[in-house]
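Student: Below is the structure I would like to discuss, written out as structure tokens.
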Amino acid sequence: MPDTDSLDLTHLRLERPSEGVVRLVLDNPGQRNAMSAPMTDSWTRVVEAVRADPTVRVVVVTGEGSAFCSGGDTSWIASEPDAGVDRLRTRMMAFYRAWLAIRSLEVPTIAAVNGAAIGAGLCLALACDLRYAAAGAKLGAPFVKLGMNPGMAATFLLPDVVGRAVARDLLLTGRIVTAEEGLELGLVSRVLPADGLAEQVQEIAAGIAATAPIASRYTTLALRGEGHADLESCLQWEALAQPVTLATADLQEGILAAKEKRPAAFRGV
């Protein structure tokens with residue numbers, strides 16, 4: 001198992017605020033946490049290590065300083081003006097896959113949007129299962145205003161979260177919205193006071209980490225992407241997934257703890 005605590009990271013920090021919770025902090029505040037090449041490399045290695053760590057039950061992603069993430073580093077994006085389309089496609093596909101690898105983690109993921117989440121930065125937040133935004137934070141995908149087609153799965157992730165009509169409005173106009181409007185649009189799960197965001201999200205993460213990890217994993221996977229195609233597909237999934245959890249020791253512990261009116265001590269077995 002990779003040692004997540006000994007990774008040599010650039011523009012990224014890994015913290016363990018409580019049992020089962022990993023906090024990934026985008027740490028390039030001088031560039032509003034733009035996704036630099038070193039940060040992208042660090043992100044790839046961190047996600048691989050977290051995926052292989054069975055003690056991780058929840059992952060929180062946030063930014064250092066006043067921004068969550070301002071998106072891709074524009075100096076890197078525009079660094080090869082003479083490159084051919086195939087070369088640029090290969091480069092961007094690698095970038096997309098690196099950051100969207102967070103969706104390969106079979107644990108709940110939370111974006112703590114402490115400030116601006118713009119472009120690919122918004123896509124990173126959308127790739128998480130839950131989004132909690134600080135009051136006054138700005139969110140948007142102004143790709144068209146920069147002369148580029150949306151990237152990093154924006155045209156999939158945004159409609160999946162807010163619906164096609166709202167996604168069209170945001171992507172075609174490129175307008176930026178506040179966290180408060182984002183809540184109305186379904187872009188974020190909750191808006192929290194800026195000075196208490198980290199603490200409140202940590203409390204939420206710790207609460208999720210205290211639930212039965214096998215049940216949490218299956219529930220997370222069932223809700224990812226566009227979910228089930230129809231009711232019958234849902235029933236077929238649940239008729240397999242629920243018996244998996246019924247066969248666990250955690251199920252017995254959960255029922256016993258409820259009867260005894262005490263917190264359950266789940267072990268993931």
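By convention in this document, the chains of the structure tokens carry letters A, B, ... by their order, each chain's residues are numbered from 1, and ligands are numbered from 1 in the order they are shown.
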Can you build me a table of stretch 20-75 of chain A residues sitting at most 12 Å from stretch 144-160 of chain A, with the closest atom pair per residue and its distance in Å to one decimal, using only C-alpha atoms, sorted by chain and residue number, as CSV?

Tutor:
```
residue,atom,partner,partner_atom,distance
A:Gly71,CA,A:Met152,CA,10.1
A:Gly72,CA,A:Met152,CA,9.8
A:Thr74,CA,A:Leu146,CA,9.8
```

Student: Next, dump the selected residues to file, keeping only N, CA and C atoms, as an mmCIF file, in the first residue's frame.

Tutor:
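That gives us again-v2.cif:
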```cif
data_model
loop_
_atom_site.group_PDB
_atom_site.id
_atom_site.type_symbol
_atom_site.label_atom_id
_atom_site.label_comp_id
_atom_site.auth_asym_id
_atom_site.auth_seq_id
_atom_site.Cartn_x
_atom_site.Cartn_y
_atom_site.Cartn_z
ATOM 1 N N GLY A 71 -8.831 27.062 -12.457
ATOM 2 C CA GLY A 71 -8.831 26.274 -13.681
ATOM 3 C C GLY A 71 -7.438 25.927 -14.151
ATOM 4 N N GLY A 72 -7.343 25.527 -15.414
ATOM 5 C CA GLY A 72 -6.044 25.189 -15.973
ATOM 6 C C GLY A 72 -5.144 26.408 -16.051
ATOM 7 N N THR A 74 -3.326 28.966 -17.683
ATOM 8 C CA THR A 74 -3.486 29.460 -19.053
ATOM 9 C C THR A 74 -2.154 29.568 -19.805
#
```

Student: Fewer than 2 positions away in the same chain doesn't count, so skip those; otherwise give me all residues within 9 Å of stretch 59-63 of chain A, counting only C-alpha atoms, as number ranges by chain.

Tutor: A: 20-29, 32-33, 50, 56-57, 65-69, 105, 107-115, 124-125, 128, 198, 201-202, 205

Student: Could the residues in this selection be written to a file with C-alpha atoms, as a short mmCIF file (atom, residue, chain, number, x, y, z; two decimals), in the first residue's frame?

Tutor:
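Output contents, as saved in result21.cif:
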```cif
data_model
loop_
_atom_site.label_atom_id
_atom_site.label_comp_id
_atom_site.auth_asym_id
_atom_site.auth_seq_id
_atom_site.Cartn_x
_atom_site.Cartn_y
_atom_site.Cartn_z
CA GLY A 20 -11.01 7.97 7.61
CA VAL A 21 -10.92 11.51 6.18
CA VAL A 22 -8.31 12.69 3.67
CA ARG A 23 -8.17 16.39 2.78
CA LEU A 24 -6.52 17.39 -0.50
CA VAL A 25 -5.58 21.07 -0.58
CA LEU A 26 -4.74 22.71 -3.90
CA ASP A 27 -1.79 24.82 -2.82
CA ASN A 28 -0.79 27.34 -5.48
CA PRO A 29 -2.42 30.51 -4.07
CA ARG A 32 -5.32 31.19 -7.46
CA ASN A 33 -4.64 27.44 -7.36
CA VAL A 50 -5.60 7.22 -1.91
CA VAL A 56 -9.73 6.23 3.49
CA ARG A 57 -13.50 6.62 3.76
CA GLY A 65 -6.10 31.03 0.16
CA SER A 66 -8.98 32.93 -1.41
CA ALA A 67 -9.70 30.61 -4.37
CA PHE A 68 -10.80 27.02 -4.79
CA CYS A 69 -9.30 26.65 -8.27
CA LEU A 105 -12.31 6.63 -5.98
CA VAL A 107 -15.60 6.64 -1.53
CA PRO A 108 -17.69 9.82 -1.18
CA THR A 109 -15.83 12.91 -2.36
CA ILE A 110 -16.57 16.46 -1.22
CA ALA A 111 -15.58 19.76 -2.80
CA ALA A 112 -15.23 22.48 -0.16
CA VAL A 113 -15.44 25.46 -2.51
CA ASN A 114 -13.73 28.11 -0.41
CA GLY A 115 -13.56 30.67 -3.23
CA LEU A 124 -13.18 19.41 -10.50
CA ALA A 125 -15.88 20.46 -8.02
CA CYS A 128 -17.05 15.37 -6.62
CA ALA A 198 -13.53 24.16 6.62
CA VAL A 201 -17.23 20.44 5.93
CA GLN A 202 -14.89 18.50 8.20
CA ALA A 205 -16.91 14.41 6.28
#
```

Student: Please return as JSON, numbers by chain: the residues of stretch 37-265 of chain A that backbone DSSP assigns to strand (DSSP E).

Tutor: {"A": [58, 59, 60, 61, 62, 63, 67, 68, 69, 109, 110, 111, 112, 113, 116, 117, 118, 130, 131, 132, 133, 134, 138, 139, 140, 176, 177, 178, 190, 191, 192]}
